[in-house]
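Trainee: My structure is below; once you've seen it, I'll send some questions.
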Amino acid sequence: MRRWLVLALFILPSLFPMAIASVDSQARESNELMSLHTPSEVIVHRGELSEVFFTTHNIADSVQTFTANVENVSSDLTVTGLPLNYTLVENHLQQFKFNVSSGNNSPYGSAFITINITTDLDSSFVLSQVLVTIAPQSNLSFGVSGVSSFTVDAGTRTSVAVNITNNALLDDNITYDIYSASSMNWGWTMNQTSGNNAFETLVPGQLSYVFVWIDIPEIIDGAPLQGSGPQFTLKAVSGLDRELSQWSFNLIFDSYRNASIDFAEPNLELAPGDDGRLEITLRNTGNVDSRMNLAMQAIDENGDTLSGFTKSDRFESDGWTVALFNGLEDQYLAPNESRTIDIGFQSPLQNSGSINVRFFVFALGAYERTYSIDVAATILWERAGEVSLSTSGCQYLLPLQSCSSAVTVTNLGNAIDYYSLELLSVPEFVNVSVPTTGIEIVNGFDNTFSDIVITAKNDSVAFDNDDVQIAVNFLNGEQIEIIKIPVKIAPVINWSFENVTEEIDSKGRLSLAMTLRNNGNAIDGLIIQLQSSHSTEMAFIPPFAAIVEEGVENPRSFEINDIPVGANFTLRAWIEIPSDQQANGTIWVNTTVRSKFSPEIEFLHTSHSDYLGTPWQPVIAEAEPLIDFAAIMSTTWEVLKAWSFVIMGIFIASMILLKANTDRISRKAEQAVRDELFVQKNKEPEQASDWLERFSQPTQQPEVASSLHVQKEHFEQAFSSRAGVSQPATEPMEPTLRDAATTVLETHDTSRAKLGADAVLGVIQQQGIATPHSGNESLEPKPNETEMTTRHDPQQMLGEEPTSDTVAEVPLPDTVPTMVDLDDLDI
C-alpha cells in the first residue's frame with residue numbers, strides 16, 4: 001500500500017495542466033515603474049493554510065498605488081487576502097502576504113498561480129508565477145533535542161553520531177547538510193554523499209544514525225581558548241514536503257598548555273672584561289593561563305652539552321658568567337601573552353674567546369612541549385686610537401738648538417691597550433730622540449708620551465725644511481697613524497773681519513784691506529758703508545761683483561749679493577789723511593757692514609790714523625820742471641789740428657772696441673769671481689806643480705829689434721837742442737823719510753805676496769803642476785785667477801809721489817787673456 005502512495009505522489013503533479021518541471025527558489029519580475037519578488041514554490045498540506053509572501057518595490061520617481069491580485073488559481077486551492085491595494089512612495093519597497101489552502105481530500109500535486117500587480121500611473125502591470133505544491137505531511141525527528149556540547153582536544157579528529165527517525169506514513173528521501181561558522185574541516189561517514197550533502201531513504205518508523213567527522217585544529221596563538229569552540233548545525237530536509245529538521249552541537253576545547261620563543265637578539269659581541277645582555281621574547285601559546293619554566297645549559301660549538309653542566313638559571317665556565325634576568329617564573333602568562341627575558345653575559349679579561357648557551361622554556365604541565373634556542377657571546381677586541389700632536393719652536397730652529405713635541409693618544413677601543421712610537425724618517429739636518437717605552441691607556445682615556453726632542457745639526461743650512469715622520473703603533477706593531485712634525489732651519493747671520501791691514505800708502509793716504517767671512521748658515525749679501533770723523537776724500541775699491549751707484553767716482557758704499565756660507569772676500573778702501581788742520585789729531589774711520597737678509601744686524605770695524613797739523617808738517621821744496629810742457633803742448637796742438645778728423649775717427653773706433661772688450665772682460669771676470677766664491681769651500685788644495693807653472697819661463701828668446709847707429713857728438717847736440725840747458729840735480733830725499741816709505745811699501749807688497757802665494761798654492765793643490773808655457777803664451781794672470789799685487793810703477797820705485805791717474809785707473813793687460821774671445825766683442 002505504501003508503495004502505491006509513493007508512486008501516486010510522483011504521478012499526480014503531472015496531471016495538473018500548469019505544472020512545470022523545475023522552479024527557482026525565488027522569482028523576480030519588473031518594469032520601469034515597479035519590481036515584484038515572489039517565492040518560487042509554496043508547500044501546502046491537506047486541510048492547512050499556508051502564507052505566501054511577496055515584495056513590491058516602487059522604482060518610479062513618484063508615489064504609486066498598487067493593486068495585487070491572483071489569476072489562474074487551481075480548483076484544489078483556495079486564495080484568501082486578495083485583491084490588495086497599497087501605496088508606496090518613490091524608491092520604497094514593502095512585503096505583503098496572502099493565504100493559500102487546500103481541501104482535506106485534495107490530490108497531491110503542483111500547480112502555478114499568477115500574481116498580477118498593477119499601478120495607477122499607467123496601464124502597465126507585472127506578472128509573477130508561484131508554484132504551489134500539495135504534499136503529504138513529513139515527520140522526521142532527531143534522537144537529541146536542544147544543543148549538545150562536546151569537549152575536544154586540539155589537533156585531533158572527532159566523530160559525532162546522532163540518530164534520526166522517520167515518523168511519517170510514507171518513505172522519505174532525506175538530504176543531510178551541516179552548517180557552521182567555523183572553518184574546521186569536516187565530512188560524512190555515510191554511504192551516499194555528494195559534495196557537502198549526504199542522502200538516505202527512511203521508511204516509515206525507521207531509525208537511522210547520521211555520522212559526521214570533524215578535524216579539531218591546533219591551538220594557535222592561544223585560540224580557541226579553553227571552554228570555547230564552534231557550533232555545528234546538522235540539517236535534515238525531508239523529500240516529502242521539504243520540511244527542515246535540525247540539531248545543533250558545540251565543540252568545546254579542552255585546556256592546552258604550550259609556549260614559544262618568538263624572538264632572540266643576535267649573538268653578543270663583548271669587549272674584554274665587559275658585560276651585556278641578550279633579549280629573548282617568549283609567549284604563552286596555550287589556551288589557558290600558564291607559568292613558564294626557564295633554564296640554561298652550556299654547550300660547545302657543535303651544540304653538544306658540556307660535561308658537568310646541568311640546566312640552571314646561572315652558571316660559570318672558563319671565566320664567563322651567565323645568568324637569567326626578568327624570568328618571573330612565578331607569574332602567570334595569559335594565552336598569547338608575551339614576556340621578554342634577558343640572558344646576561346660577563347666576559348673574562350682576555351682578548352679573545354666565546355661561550356655558547358642553550359636556553360629552554362616550557363609551560364608548566366607541558367614538559368613534553370619544551371622549546372630551546374642556542375645563543376652565544378664572543379669577545380671582540382676593538383683597537384683604535386686618536387692621535388694629537390703638540391709642537392712649538394720647530395719651525396724656526398737654529399743650529400744646535402732643540403725643540404720638543406708631545407704626542408697624545410686617546411684610546412677609542414673597547415679595552416685597555418698599549419701604544420708605542422716608531423721613528424720612520426728623519427731629515428739629514430736634524431737629530432731626533434723618540435721615547436722607546438710604550439704607554440698603557442684605559443679605553444675612553446688618553447695619555448701623553450715623553451717629549452720628542454729634535455735638535456738641529458751644527459752644519460744645517462738656513463731654510464732647510466722637511467718633516468720628521470713618526471708612526472704611532474699598537475704594542476704588536478700594528479700602525480695606527482703617521483704623524484708629521486714640520487722642521488725648518490732658521491737663518492743665522494754672522495760675519496767676521498779677518499786679516500785686517502791698515503797702512504799709509506805712498507800717497508800719504510790711509511789704506512785699508514780686510515777680509516770678510518760669512519760664518520752664518522745662509523747665503524747672504526752685504527751693504528757696506530765707509531764713514532770718517534773728518535770731512536775728507538775716501539773711497540772703496542769695490543770687488544768685481546759689487547754694485548755701486550752709477551756715476552760716482554769715489555764710492556763710499558756698495559752692495560754685494562749671494563755670498564755662500566763659509567766664503568770670504570777682500571774689502572779695500574783708502575782715506576785721505578787731513579793735511580789742512582791747524583792742530584794735531586786722529587782721524588777715525590768706521591767700516592759698517594749690514595746683512596741684506598737682516599739689515600738690522602750690522603758689523604762694525606773702526607780704523608784710525610794720526611795726522612799732523614799745518615805748523616808741524618815738513619816743508620817740501622818745489623822742484624823745477626825738467627820738461628818744457630808749453631812747447632810740447634803747442635806742438636801737439638798743431639798736429640792735432642792737422643790730423644784732427646783722422647785722429648777723431650781712429651779715437652772713436654778705438655773707444656768702441658776698447659769699451660766692448662773691457663765690458664766683455666769685466667763680465668767674465670765677475671762671473672769667475674762668483675764661481676770661485678761658491679766653490680771655494682770644496683775646491684781641492686793647490687798642488688806644487690801649479691805654483692811652479694806660474695814661474696816657468698818661455699823657451700823662445702825675444703827678438704832684439706834693430707836700431708840706427710848715430711855718433712855720440714850728433715846725439716848730444718840733438719838732445720841739448722831739444723832739452724835746453726841742463727839743470728843741476730835735485731837735492732836727494734832725506735834718508736829717514738825714504739826708509740819709512742820703503743818699509744810701508746815692503747809691508748804692503750809682502751802682504752799682497754802672501755795672499756797671492758796662498759792662492760797659487762791652492763791652485764797647485766787643486767789642479768797639479770802645469771806643463772811649461774810655450775814661447776807664445778802670455779804670462780799675464782787670468783781674470784779668474786788670484787791676482788798678486790806687484791809694483792811696477794817707476795815713480796814708486798824711485799820713491800816719488802804717483803799721479804792721481806796712476807791710482808784711479810787700473811791698467812789693462814798688454815796681452816788679451818786667453819778666456820776672451822776676440823771674435824765675440826760687445827760693441
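Identifiers in the C-alpha cells: chain A, B, ... in order shown; residue index from 1 per chain; ligand index from 1 in order shown.
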Show which residues sit within 8 Å of Thr233 (chain A), as a PDB file with C-alpha atoms, in the first residue's frame. Count only C-alpha atoms, and ignore same-chain residues fewer than 5 positions away.

Mentor:
ATOM      1  CA  ILE A 178      25.851  20.770   8.114  1.00  0.00           C
ATOM      2  CA  TYR A 179      26.215  24.468   8.727  1.00  0.00           C
ATOM      3  CA  SER A 180      28.894  26.125  10.890  1.00  0.00           C
ATOM      4  CA  GLN A 246      17.909  20.242  12.637  1.00  0.00           C
ATOM      5  CA  TRP A 247      20.116  19.552  15.619  1.00  0.00           C
ATOM      6  CA  SER A 248      22.975  21.764  16.936  1.00  0.00           C
ATOM      7  CA  PHE A 249      26.052  20.821  18.939  1.00  0.00           C
TER       8      PHE A 249
END

Trainee: Which neighbours of region 471-479 of chain A fall inside 9 Å, counting only C-alpha atoms, when residues of the same chain fewer than 2 positions from it are skipped, and could you give them as a list in words?

Mentor: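 Counting only the stated atoms, we get Arg383, Ala384, Val387, Val407, Val409, Asp417, Tyr418, Tyr419, Ser420, Leu421, Glu422, Leu423, Leu424, Gly438, Gln469, Glu481, Ile482, Ile483 and Lys484 of chain A.
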
Trainee: Write out, as a PDB file, in the first residue's frame, the residues just selected, with N, CA, C and O atoms.

Mentor:
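Saved file result.pdb follows:
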ATOM      1  N   ARG A 383      90.388  47.720  18.611  1.00  0.00           N
ATOM      2  CA  ARG A 383      91.565  48.540  18.907  1.00  0.00           C
ATOM      3  C   ARG A 383      91.526  49.784  18.025  1.00  0.00           C
ATOM      4  O   ARG A 383      91.437  49.694  16.801  1.00  0.00           O
ATOM      5  N   ALA A 384      91.567  50.915  18.664  1.00  0.00           N
ATOM      6  CA  ALA A 384      91.531  52.180  17.924  1.00  0.00           C
ATOM      7  C   ALA A 384      92.170  53.245  18.792  1.00  0.00           C
ATOM      8  O   ALA A 384      92.251  53.116  20.018  1.00  0.00           O
ATOM      9  N   VAL A 387      95.158  60.312  17.633  1.00  0.00           N
ATOM     10  CA  VAL A 387      96.469  60.891  17.922  1.00  0.00           C
ATOM     11  C   VAL A 387      96.394  62.402  17.726  1.00  0.00           C
ATOM     12  O   VAL A 387      95.823  62.884  16.741  1.00  0.00           O
ATOM     13  N   VAL A 407     103.171  63.929  21.904  1.00  0.00           N
ATOM     14  CA  VAL A 407     102.163  63.124  21.224  1.00  0.00           C
ATOM     15  C   VAL A 407     101.204  62.577  22.269  1.00  0.00           C
ATOM     16  O   VAL A 407     101.625  61.907  23.218  1.00  0.00           O
ATOM     17  N   VAL A 409      97.707  60.286  22.865  1.00  0.00           N
ATOM     18  CA  VAL A 409      96.893  59.235  22.253  1.00  0.00           C
ATOM     19  C   VAL A 409      95.658  59.014  23.120  1.00  0.00           C
ATOM     20  O   VAL A 409      95.755  58.905  24.345  1.00  0.00           O
ATOM     21  N   ASP A 417      94.693  49.150  26.310  1.00  0.00           N
ATOM     22  CA  ASP A 417      95.606  48.838  25.211  1.00  0.00           C
ATOM     23  C   ASP A 417      96.943  49.518  25.453  1.00  0.00           C
ATOM     24  O   ASP A 417      97.088  50.379  26.322  1.00  0.00           O
ATOM     25  N   TYR A 418      97.917  49.099  24.653  1.00  0.00           N
ATOM     26  CA  TYR A 418      99.288  49.593  24.793  1.00  0.00           C
ATOM     27  C   TYR A 418      99.714  50.220  23.476  1.00  0.00           C
ATOM     28  O   TYR A 418      99.439  49.685  22.401  1.00  0.00           O
ATOM     29  N   TYR A 419     100.430  51.338  23.575  1.00  0.00           N
ATOM     30  CA  TYR A 419     100.818  52.103  22.394  1.00  0.00           C
ATOM     31  C   TYR A 419     102.312  52.421  22.465  1.00  0.00           C
ATOM     32  O   TYR A 419     102.883  52.558  23.551  1.00  0.00           O
ATOM     33  N   SER A 420     102.924  52.562  21.271  1.00  0.00           N
ATOM     34  CA  SER A 420     104.352  52.884  21.190  1.00  0.00           C
ATOM     35  C   SER A 420     104.587  53.795  19.990  1.00  0.00           C
ATOM     36  O   SER A 420     103.727  53.939  19.112  1.00  0.00           O
ATOM     37  N   LEU A 421     105.791  54.413  19.951  1.00  0.00           N
ATOM     38  CA  LEU A 421     106.193  55.298  18.869  1.00  0.00           C
ATOM     39  C   LEU A 421     107.332  54.653  18.078  1.00  0.00           C
ATOM     40  O   LEU A 421     108.189  53.977  18.629  1.00  0.00           O
ATOM     41  N   GLU A 422     107.315  54.897  16.774  1.00  0.00           N
ATOM     42  CA  GLU A 422     108.359  54.376  15.886  1.00  0.00           C
ATOM     43  C   GLU A 422     108.816  55.494  14.952  1.00  0.00           C
ATOM     44  O   GLU A 422     107.995  56.131  14.292  1.00  0.00           O
ATOM     45  N   LEU A 423     110.139  55.718  14.927  1.00  0.00           N
ATOM     46  CA  LEU A 423     110.699  56.764  14.074  1.00  0.00           C
ATOM     47  C   LEU A 423     110.827  56.216  12.655  1.00  0.00           C
ATOM     48  O   LEU A 423     111.532  55.239  12.414  1.00  0.00           O
ATOM     49  N   LEU A 424     110.155  56.870  11.710  1.00  0.00           N
ATOM     50  CA  LEU A 424     110.155  56.396  10.327  1.00  0.00           C
ATOM     51  C   LEU A 424     111.195  57.109   9.472  1.00  0.00           C
ATOM     52  O   LEU A 424     111.954  56.459   8.748  1.00  0.00           O
ATOM     53  N   GLY A 438     106.662  52.242  25.694  1.00  0.00           N
ATOM     54  CA  GLY A 438     105.261  52.450  25.358  1.00  0.00           C
ATOM     55  C   GLY A 438     104.467  52.920  26.569  1.00  0.00           C
ATOM     56  O   GLY A 438     104.976  53.020  27.698  1.00  0.00           O
ATOM     57  N   GLN A 469     108.875  62.087  10.419  1.00  0.00           N
ATOM     58  CA  GLN A 469     107.722  61.189  10.378  1.00  0.00           C
ATOM     59  C   GLN A 469     107.855  60.140  11.467  1.00  0.00           C
ATOM     60  O   GLN A 469     108.867  59.438  11.543  1.00  0.00           O
ATOM     61  N   GLU A 481      98.563  55.513  13.102  1.00  0.00           N
ATOM     62  CA  GLU A 481      98.608  56.768  12.361  1.00  0.00           C
ATOM     63  C   GLU A 481     100.057  57.207  12.247  1.00  0.00           C
ATOM     64  O   GLU A 481     100.894  56.895  13.095  1.00  0.00           O
ATOM     65  N   ILE A 482     100.345  57.952  11.182  1.00  0.00           N
ATOM     66  CA  ILE A 482     101.665  58.543  10.979  1.00  0.00           C
ATOM     67  C   ILE A 482     101.530  60.038  11.191  1.00  0.00           C
ATOM     68  O   ILE A 482     100.721  60.700  10.546  1.00  0.00           O
ATOM     69  N   ILE A 483     102.327  60.554  12.120  1.00  0.00           N
ATOM     70  CA  ILE A 483     102.320  61.990  12.381  1.00  0.00           C
ATOM     71  C   ILE A 483     103.551  62.607  11.741  1.00  0.00           C
ATOM     72  O   ILE A 483     104.606  61.979  11.650  1.00  0.00           O
ATOM     73  N   LYS A 484     103.407  63.831  11.286  1.00  0.00           N
ATOM     74  CA  LYS A 484     104.486  64.558  10.643  1.00  0.00           C
ATOM     75  C   LYS A 484     104.758  65.839  11.417  1.00  0.00           C
ATOM     76  O   LYS A 484     103.849  66.642  11.639  1.00  0.00           O
TER      77      LYS A 484
END

Trainee: If DSSP is run on the backbone, what residues of region 155-306 of chain A are strand (DSSP E or B)? A reply as an MDAnalysis selection string would be ideal.

Mentor: chainID A and resid 157:166 172:180 186:188 192:194 197:202 207:215 220 223 231:237 244:253 259:264 268:270 275:284 290:299 305

Trainee: For each of A:Thr747, A:Asn458, A:Asn568, A:Ser644, take the minimum atom-to-atom distance to Asn521 (chain A), counting only C-alpha atoms, then give the residue where this is smallest.

Mentor: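 Under the stated criterion, the closest residue is A:Asn458.
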
Trainee: Ranking A:Val461, A:Gln346, A:Val565, A:Asn336 by minimum distance to Asp318 (chain A) and counting only C-alpha atoms, which one comes first?

Mentor: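 That would be A:Gln346, the residue with the smallest distance to Asp318 (chain A).
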
Trainee: Using only C-alpha atoms, which residue out of A:Leu512, A:Val673, A:Leu397, A:Leu526 lies closest to Val589 (chain A)?

Mentor: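 So, comparing all the options, the nearest one is A:Leu512.
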
Trainee: Choose the residue, out of A:Thr119, A:Gln582, A:Phe315, A:Gly551, that has the smallest atom-to-atom separation from Leu88 (chain A); count only C-alpha atoms.

Mentor: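 The closest residue to Leu88 (chain A) is A:Thr119.
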
Trainee: Near region 197-199 of chain A, within 8 Å and counting only C-alpha atoms, which residues show up once chain neighbours fewer than 6 positions away are dropped, as a compact mmCIF listing (two decimals) with all heavy atoms, in the first residue's frame?

Mentor:
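Final output, around38.txt:
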# COMPACT_ATOMS: atom_id res chain seq x y z
N ASN A 173 12.84 10.48 1.40
CA ASN A 173 14.24 10.64 0.90
C ASN A 173 14.85 11.88 1.57
O ASN A 173 14.51 13.03 1.24
CB ASN A 173 14.23 10.82 -0.60
CG ASN A 173 13.72 9.58 -1.33
OD1 ASN A 173 14.03 8.45 -0.93
ND2 ASN A 173 12.93 9.77 -2.37
N ILE A 174 15.71 11.63 2.53
CA ILE A 174 16.25 12.70 3.39
C ILE A 174 17.58 13.20 2.81
O ILE A 174 18.43 12.42 2.40
CB ILE A 174 16.44 12.20 4.82
CG1 ILE A 174 15.10 11.62 5.37
CG2 ILE A 174 16.93 13.33 5.72
CD1 ILE A 174 15.24 10.94 6.70
N THR A 175 17.75 14.52 2.83
CA THR A 175 19.03 15.16 2.44
C THR A 175 19.63 15.82 3.68
O THR A 175 18.97 16.64 4.34
CB THR A 175 18.80 16.21 1.36
OG1 THR A 175 18.21 15.60 0.21
CG2 THR A 175 20.12 16.88 0.98
N TYR A 176 20.90 15.44 3.99
CA TYR A 176 21.58 15.97 5.18
C TYR A 176 22.58 17.06 4.77
O TYR A 176 23.26 16.96 3.74
CB TYR A 176 22.31 14.86 5.94
CG TYR A 176 21.42 13.76 6.44
CD1 TYR A 176 21.38 12.51 5.81
CD2 TYR A 176 20.62 13.96 7.56
CE1 TYR A 176 20.58 11.50 6.29
CE2 TYR A 176 19.80 12.94 8.03
CZ TYR A 176 19.80 11.73 7.40
OH TYR A 176 18.98 10.73 7.85
N ASP A 177 22.70 18.03 5.64
CA ASP A 177 23.68 19.12 5.43
C ASP A 177 24.11 19.64 6.80
O ASP A 177 23.36 19.51 7.78
CB ASP A 177 23.08 20.24 4.60
CG ASP A 177 24.14 21.24 4.13
OD1 ASP A 177 25.36 20.97 4.34
OD2 ASP A 177 23.78 22.31 3.58
N ILE A 178 25.32 20.21 6.86
CA ILE A 178 25.85 20.77 8.11
C ILE A 178 26.22 22.22 7.87
O ILE A 178 26.87 22.57 6.87
CB ILE A 178 27.08 19.98 8.61
CG1 ILE A 178 26.65 18.59 9.07
CG2 ILE A 178 27.76 20.72 9.75
CD1 ILE A 178 27.79 17.74 9.58
N TRP A 188 31.46 13.39 5.96
CA TRP A 188 30.42 12.40 6.30
C TRP A 188 31.03 11.01 6.34
O TRP A 188 31.92 10.68 5.58
CB TRP A 188 29.31 12.41 5.25
CG TRP A 188 28.63 13.75 5.06
CD1 TRP A 188 28.88 14.63 4.08
CD2 TRP A 188 27.62 14.29 5.87
NE1 TRP A 188 28.08 15.73 4.19
CE2 TRP A 188 27.27 15.55 5.31
CE3 TRP A 188 26.92 13.86 7.02
CZ2 TRP A 188 26.29 16.37 5.84
CZ3 TRP A 188 25.95 14.68 7.53
CH2 TRP A 188 25.65 15.93 6.97
N MET A 190 29.02 8.30 5.63
CA MET A 190 27.73 7.82 5.14
C MET A 190 27.96 7.11 3.80
O MET A 190 28.98 7.30 3.14
CB MET A 190 26.77 9.00 4.94
CG MET A 190 26.55 9.86 6.19
SD MET A 190 25.48 9.10 7.40
CE MET A 190 23.88 9.26 6.59
N ASN A 191 26.93 6.34 3.40
CA ASN A 191 27.05 5.58 2.17
C ASN A 191 26.84 6.44 0.94
O ASN A 191 27.51 6.26 -0.08
CB ASN A 191 26.04 4.41 2.16
CG ASN A 191 26.34 3.37 3.23
OD1 ASN A 191 27.51 3.15 3.56
ND2 ASN A 191 25.32 2.73 3.78

Trainee: Of the residues A:Met292, A:Val432, A:Cys403, A:Ile563, which is the one nearest to Ala366 (chain A), using only C-alpha atoms?

Mentor: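 Once distances to Ala366 (chain A) are computed over only C-alpha atoms, the minimum belongs to A:Met292.
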
Trainee: Could you tell me how far CA of Glu746 (chain A) lies from CA of Ala513 (chain A), in Å and to one decimal?

Mentor: 15.3 Å

Trainee: Counting only C-alpha atoms, what is within 9 Å of Val442 (chain A), bar same-chain residues fewer than 2 positions away, as an NGL selection string?

Mentor: :A and (410-411 or 413-418 or 440 or 444-446)

Trainee: Suppose we keep all heavy atoms; can you now write the selection as a CSV table (one decimal), in the first residue's frame?

Mentor:
chain,number,residue,atom,x,y,z
A,410,THR,N,94.5,59.0,22.5
A,410,THR,CA,93.2,58.7,23.1
A,410,THR,C,92.8,57.3,22.7
A,410,THR,O,92.7,57.0,21.5
A,410,THR,CB,92.1,59.7,22.8
A,410,THR,OG1,92.6,61.0,23.1
A,410,THR,CG2,90.8,59.4,23.5
A,411,ASN,N,92.6,56.4,23.7
A,411,ASN,CA,92.2,55.0,23.4
A,411,ASN,C,90.7,55.0,23.1
A,411,ASN,O,89.8,55.2,24.0
A,411,ASN,CB,92.4,54.1,24.7
A,411,ASN,CG,92.1,52.7,24.4
A,411,ASN,OD1,91.6,52.3,23.3
A,411,ASN,ND2,92.5,51.8,25.4
A,413,GLY,N,89.3,52.4,21.7
A,413,GLY,CA,88.9,51.0,21.6
A,413,GLY,C,88.0,50.6,22.7
A,413,GLY,O,87.4,51.5,23.4
A,414,ASN,N,87.7,49.3,22.9
A,414,ASN,CA,86.8,48.9,23.9
A,414,ASN,C,87.5,48.1,25.1
A,414,ASN,O,86.9,47.5,25.9
A,414,ASN,CB,85.8,47.9,23.3
A,414,ASN,CG,86.4,46.7,22.7
A,414,ASN,OD1,87.6,46.5,22.7
A,414,ASN,ND2,85.5,45.9,22.1
A,415,ALA,N,88.8,48.3,25.1
A,415,ALA,CA,89.6,47.6,26.2
A,415,ALA,C,90.9,48.4,26.4
A,415,ALA,O,91.3,49.2,25.6
A,415,ALA,CB,89.8,46.1,25.9
A,416,ILE,N,91.5,48.1,27.6
A,416,ILE,CA,92.8,48.7,27.8
A,416,ILE,C,93.8,48.2,26.7
A,416,ILE,O,93.7,47.1,26.2
A,416,ILE,CB,93.3,48.3,29.2
A,416,ILE,CG1,94.6,49.1,29.6
A,416,ILE,CG2,93.6,46.8,29.3
A,416,ILE,CD1,95.0,48.8,31.0
A,417,ASP,N,94.7,49.1,26.3
A,417,ASP,CA,95.6,48.8,25.2
A,417,ASP,C,96.9,49.5,25.5
A,417,ASP,O,97.1,50.4,26.3
A,417,ASP,CB,95.0,49.3,23.9
A,417,ASP,CG,95.4,48.4,22.7
A,417,ASP,OD1,96.5,47.7,22.8
A,417,ASP,OD2,94.7,48.3,21.7
A,418,TYR,N,97.9,49.1,24.7
A,418,TYR,CA,99.3,49.6,24.8
A,418,TYR,C,99.7,50.2,23.5
A,418,TYR,O,99.4,49.7,22.4
A,418,TYR,CB,100.2,48.4,25.2
A,418,TYR,CG,99.8,47.7,26.4
A,418,TYR,CD1,98.9,46.7,26.4
A,418,TYR,CD2,100.4,48.1,27.7
A,418,TYR,CE1,98.5,46.0,27.6
A,418,TYR,CE2,100.0,47.5,28.8
A,418,TYR,CZ,99.1,46.4,28.8
A,418,TYR,OH,98.7,45.8,30.0
A,440,GLU,N,100.4,52.6,28.5
A,440,GLU,CA,99.2,51.9,28.7
A,440,GLU,C,98.1,52.8,28.9
A,440,GLU,O,98.2,53.7,29.8
A,440,GLU,CB,99.3,50.9,29.9
A,440,GLU,CG,98.1,50.1,30.1
A,440,GLU,CD,98.3,49.1,31.3
A,440,GLU,OE1,98.9,48.1,31.2
A,440,GLU,OE2,97.9,49.5,32.4
A,444,GLY,N,88.7,54.9,26.6
A,444,GLY,CA,88.0,56.1,26.9
A,444,GLY,C,88.8,57.2,27.5
A,444,GLY,O,88.4,58.3,27.7
A,445,PHE,N,90.1,56.9,27.8
A,445,PHE,CA,91.0,57.9,28.4
A,445,PHE,C,92.2,58.1,27.4
A,445,PHE,O,92.4,57.4,26.4
A,445,PHE,CB,91.5,57.4,29.7
A,445,PHE,CG,90.5,57.3,30.8
A,445,PHE,CD1,89.7,56.2,30.9
A,445,PHE,CD2,90.3,58.4,31.6
A,445,PHE,CE1,88.7,56.1,31.9
A,445,PHE,CE2,89.3,58.3,32.6
A,445,PHE,CZ,88.5,57.2,32.7
A,446,ASP,N,93.0,59.1,27.8
A,446,ASP,CA,94.2,59.5,26.9
A,446,ASP,C,95.4,59.6,27.8
A,446,ASP,O,95.3,59.7,29.0
A,446,ASP,CB,94.0,60.8,26.2
A,446,ASP,CG,93.6,62.0,27.1
A,446,ASP,OD1,94.3,62.2,28.1
A,446,ASP,OD2,92.7,62.7,26.8
